[in-house]
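Have a look at the structure below, then the notes.
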Amino acid sequence: MSAWGAIRSWASSAGATMGRAAGAVGRAARRFPGPWRQRPDLATTAKRAYRRSAWRAYWQSPWNRAGLIIVALLVLLGVFADFLASDKPIWLKYQGRHFAFPNVIDYPELRPLTNDQLRRVMVEGEDWAILPLVPYGPLQSKADGRISPLQAPSGDHWLGTDDRGRDVLARIVHGTRVSLAVGLVAVTLYVVIGVLLGALAGFYGGWIDSAVTRLVEALMAFPSFFFVLIIQGLLASASILQIMVVIGLTRWTDVARLVRGEVLRLRSAEFVLAAQAVGLPPRRILFGHVLPNATGPVLVSATFGIAGAVLLESALSFLGFGTPPPTPSWGELLTQAFAHGGTWWLTLFPGLMIFVTVTAYNLVGEGIRDAIDPRMSVRR
């Protein structure tokens, strides 16, 4: 046998030996998992199975799917509002220079120019621009150098104009961002307050439970809408952040009662008694074991709460206590419709957006409630 043949034979036998060794190591690792390969415990496996089961139960209903898709589209509409409706182009080549995203970046040399003026300037030459779908801003009152107040829907303004000549579609698009931001921030704030106070009251009891319960009863004695309205009227000025804080500080009572009841139910559960038996501190038991198992219904309440916060913000804006002008708001457009009779487009389109948003969030909330409720899965 030649030297080259001997080398090839040795390499082949060595490769086969290494392959058998690797296979043996792999079989041993699967049979005896070490720290490098830990199998998930039963609790982790059960949680994953529960999440998959809940997601399948949620996705089975076409109404749940429709609500989730509409909510996702509304979120995208609010996030990318500047790319859908703006008085500045998305991308611009002007006087030989490229301007990236002037609709969100303030360029001093482009401040006096709007999409209408750019169209007139760029009739000739090599300049070009990528315009948004709606080439008007939410605060723009002039188009082609003229003001067209209370103009009915047309080719220039698809949903008409308001009493100052501003494009209604542009204000609805940017009003989506305002309404959803108010709903998300306000609900996050009052969920945090309600979960914290409700968990402390239910777990520790005693004077903490009495104080939280009395505070909840005192706040629930007033209708929440009129309570928010009174606070807004007493404050000197209005802002979006102020509305978020006022709603968050006045609507946490339902979440606190819900969490308190769940914690009271779980306080005597076996896993809590086991945690107490091994000597875990009460704070760790509450935040590490009880609270994660008590926040399932809170997610449902928060979803419904976003719909309620959007409706409340629109109602406050309609009454003049909401977002200050000229901030775009659905409720502010309804106020103009009330002031100017016969402007059906100022009633129909903002009202339709409020209706679709509230309905979509309610559908999502009902779907989550049914998916995480084991009794509903038994019925199915």
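Chains: A, B, ... in order of the structure tokens. Residues: from 1 per chain. Ligands: from 1, in order shown.
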Test item: residues at most 9 Å from range 132-139 of chain A, only C-alpha atoms, excluding those fewer than 2 positions along its chain, as number ranges by chain: A: 82-90, 103, 114-116, 130, 141, 143, 157-158, 166-175, 326-328
CA of Trp91 in chain A to CA of Val75 in chain A, distance in Å rounded to a single decimal: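 Separating CA of Trp91 in chain A from CA of Val75 in chain A is a distance of 23.3 Å.
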Sel. of alpha helix (DSSP H) residues, range 148-355 of chain A, as a PyMOL selection string: chain A and resi 168-204+206-220+224-234+240-250+253-266+270-277+282-285+291-294+296-319+330-339+344-355
Atomic distance CA of Val187 in chain A - CA of Ile231 in chain A, expressed in Å with one decimal: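 A separation of 17.8 Å between them.
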Show which residues sit within 6 Å of range 364-370 of chain A, as an mmCIF file with N, CA and C atoms, in the first residue's frame. Count only C-alpha atoms, and ignore same-chain residues fewer than 5 positions away.
data_model
loop_
_atom_site.group_PDB
_atom_site.id
_atom_site.type_symbol
_atom_site.label_atom_id
_atom_site.label_comp_id
_atom_site.auth_asym_id
_atom_site.auth_seq_id
_atom_site.Cartn_x
_atom_site.Cartn_y
_atom_site.Cartn_z
ATOM 1 N N TYR A 58 -57.862 31.771 21.883
ATOM 2 C CA TYR A 58 -58.137 33.151 21.462
ATOM 3 C C TYR A 58 -58.270 33.234 19.947
ATOM 4 N N ASN A 64 -62.299 37.703 17.657
ATOM 5 C CA ASN A 64 -61.048 37.992 18.354
ATOM 6 C C ASN A 64 -59.947 38.370 17.370
ATOM 7 N N GLY A 67 -60.614 41.907 16.069
ATOM 8 C CA GLY A 67 -60.273 42.928 17.047
ATOM 9 C C GLY A 67 -58.780 43.136 17.177
ATOM 10 N N LEU A 68 -58.016 42.038 17.201
ATOM 11 C CA LEU A 68 -56.560 42.155 17.329
ATOM 12 C C LEU A 68 -55.946 42.813 16.106
ATOM 13 N N VAL A 300 -57.119 41.577 31.341
ATOM 14 C CA VAL A 300 -58.443 41.796 30.742
ATOM 15 C C VAL A 300 -58.976 43.172 31.129
ATOM 16 N N THR A 303 -57.240 45.931 29.181
ATOM 17 C CA THR A 303 -57.683 46.041 27.788
ATOM 18 C C THR A 303 -58.998 46.805 27.688
ATOM 19 N N PHE A 304 -59.937 46.475 28.567
ATOM 20 C CA PHE A 304 -61.177 47.245 28.601
ATOM 21 C C PHE A 304 -60.917 48.687 29.031
ATOM 22 N N MET A 376 -64.292 28.451 30.350
ATOM 23 C CA MET A 376 -64.667 28.602 28.951
ATOM 24 C C MET A 376 -64.070 27.490 28.104
#
Distance table requested - range 169-199 of chain A against range 254-267 of chain A, cut-off 10 Å, only C-alpha atoms: one row per qualifying residue with the closest atom pair and its distance in Å to one decimal, ordered by chain and rising residue number, as a tab-separated table.
residue	atom	partner	partner_atom	distance
A:Tyr190	CA	A:Val255	CA	7.8
A:Val191	CA	A:Val255	CA	6.3
A:Val192	CA	A:Val255	CA	9.0
A:Ile193	CA	A:Ala256	CA	7.7
A:Gly194	CA	A:Ala256	CA	4.0
A:Val195	CA	A:Ala256	CA	5.7
A:Leu196	CA	A:Ala256	CA	7.7
A:Leu197	CA	A:Ala256	CA	6.1
A:Gly198	CA	A:Ala256	CA	4.2
A:Ala199	CA	A:Arg260	CA	5.5
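The two atoms in question, CA of Leu334 in chain A and CA of Ser314 in chain A, are spaced 8.7 Å apart.
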Distance criterion (only C-alpha atoms): nearest to Val272 in chain A out of A:Thr359, A:Phe203, A:Ala218, A:Ala66: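 Closest to Val272 in chain A of all the choices is A:Phe203.
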Selection: 12 Å around Thr335 in chain A, only C-alpha atoms, excl. self and same-chain fewer than 6 positions, as a PyMOL selection string: chain A and resi 162-163+314-322+325+328-329+341+343+346-347+350-351
What does the file look like for those residues with N, CA and C atoms, as a PDB file, in the first residue's frame?
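In the end it all went to out.pdb:
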ATOM      1  N   ASP A 162     -61.887  71.280   8.365  1.00  0.00           N
ATOM      2  CA  ASP A 162     -62.590  71.750   9.553  1.00  0.00           C
ATOM      3  C   ASP A 162     -62.842  73.250   9.447  1.00  0.00           C
ATOM      4  N   ASP A 163     -63.208  73.894  10.553  1.00  0.00           N
ATOM      5  CA  ASP A 163     -63.588  75.297  10.503  1.00  0.00           C
ATOM      6  C   ASP A 163     -62.409  76.237  10.292  1.00  0.00           C
ATOM      7  N   SER A 314     -61.985  61.472  24.529  1.00  0.00           N
ATOM      8  CA  SER A 314     -62.805  62.080  23.477  1.00  0.00           C
ATOM      9  C   SER A 314     -63.944  62.894  24.076  1.00  0.00           C
ATOM     10  N   ALA A 315     -64.561  62.379  25.139  1.00  0.00           N
ATOM     11  CA  ALA A 315     -65.639  63.115  25.787  1.00  0.00           C
ATOM     12  C   ALA A 315     -65.130  64.408  26.420  1.00  0.00           C
ATOM     13  N   LEU A 316     -63.961  64.353  27.063  1.00  0.00           N
ATOM     14  CA  LEU A 316     -63.388  65.565  27.656  1.00  0.00           C
ATOM     15  C   LEU A 316     -63.041  66.587  26.580  1.00  0.00           C
ATOM     16  N   SER A 317     -62.477  66.130  25.468  1.00  0.00           N
ATOM     17  CA  SER A 317     -62.157  67.059  24.375  1.00  0.00           C
ATOM     18  C   SER A 317     -63.416  67.648  23.775  1.00  0.00           C
ATOM     19  N   PHE A 318     -64.470  66.862  23.702  1.00  0.00           N
ATOM     20  CA  PHE A 318     -65.733  67.377  23.170  1.00  0.00           C
ATOM     21  C   PHE A 318     -66.288  68.490  24.056  1.00  0.00           C
ATOM     22  N   LEU A 319     -66.104  68.343  25.373  1.00  0.00           N
ATOM     23  CA  LEU A 319     -66.608  69.349  26.310  1.00  0.00           C
ATOM     24  C   LEU A 319     -65.641  70.512  26.514  1.00  0.00           C
ATOM     25  N   GLY A 320     -64.469  70.444  25.885  1.00  0.00           N
ATOM     26  CA  GLY A 320     -63.501  71.524  26.019  1.00  0.00           C
ATOM     27  C   GLY A 320     -62.551  71.388  27.179  1.00  0.00           C
ATOM     28  N   PHE A 321     -62.524  70.218  27.849  1.00  0.00           N
ATOM     29  CA  PHE A 321     -61.628  69.995  28.980  1.00  0.00           C
ATOM     30  C   PHE A 321     -60.533  68.988  28.652  1.00  0.00           C
ATOM     31  N   GLY A 322     -60.403  68.632  27.394  1.00  0.00           N
ATOM     32  CA  GLY A 322     -59.437  67.620  27.006  1.00  0.00           C
ATOM     33  C   GLY A 322     -58.152  68.215  26.483  1.00  0.00           C
ATOM     34  N   PRO A 325     -56.273  72.901  22.193  1.00  0.00           N
ATOM     35  CA  PRO A 325     -56.051  73.194  20.784  1.00  0.00           C
ATOM     36  C   PRO A 325     -54.695  73.874  20.598  1.00  0.00           C
ATOM     37  N   PRO A 328     -54.479  67.836  17.567  1.00  0.00           N
ATOM     38  CA  PRO A 328     -55.552  67.086  16.904  1.00  0.00           C
ATOM     39  C   PRO A 328     -56.182  66.065  17.840  1.00  0.00           C
ATOM     40  N   SER A 329     -57.491  66.023  17.849  1.00  0.00           N
ATOM     41  CA  SER A 329     -58.223  65.099  18.709  1.00  0.00           C
ATOM     42  C   SER A 329     -59.559  64.773  18.064  1.00  0.00           C
ATOM     43  N   GLY A 341     -73.597  73.180  12.439  1.00  0.00           N
ATOM     44  CA  GLY A 341     -74.582  72.210  11.999  1.00  0.00           C
ATOM     45  C   GLY A 341     -74.517  71.963  10.511  1.00  0.00           C
ATOM     46  N   THR A 343     -72.362  69.939   9.009  1.00  0.00           N
ATOM     47  CA  THR A 343     -71.056  69.420   8.599  1.00  0.00           C
ATOM     48  C   THR A 343     -70.990  67.942   8.988  1.00  0.00           C
ATOM     49  N   LEU A 346     -67.665  66.054   9.765  1.00  0.00           N
ATOM     50  CA  LEU A 346     -67.017  66.261  11.057  1.00  0.00           C
ATOM     51  C   LEU A 346     -67.648  65.414  12.158  1.00  0.00           C
ATOM     52  N   THR A 347     -68.826  64.865  11.888  1.00  0.00           N
ATOM     53  CA  THR A 347     -69.483  63.969  12.839  1.00  0.00           C
ATOM     54  C   THR A 347     -69.212  62.509  12.509  1.00  0.00           C
ATOM     55  N   PRO A 350     -64.833  61.165  12.657  1.00  0.00           N
ATOM     56  CA  PRO A 350     -64.290  61.013  14.018  1.00  0.00           C
ATOM     57  C   PRO A 350     -65.118  60.059  14.878  1.00  0.00           C
ATOM     58  N   GLY A 351     -66.462  60.140  14.754  1.00  0.00           N
ATOM     59  CA  GLY A 351     -67.303  59.220  15.510  1.00  0.00           C
ATOM     60  C   GLY A 351     -67.066  57.778  15.113  1.00  0.00           C
TER      61      GLY A 351
END
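With only C-alpha atoms taken into account, the protein and nucleic acid residues at most 8 Å from Trp128 in chain A (excluding it and anything under 4 positions from it in its own chain) are Leu92, Lys93, Tyr94 and Met122 of chain A.
Closest approach to Ala54 in chain A among A:Gly296, A:Gly183, A:Pro281, A:Gly78 is made by A:Gly296 (distances from only C-alpha atoms).
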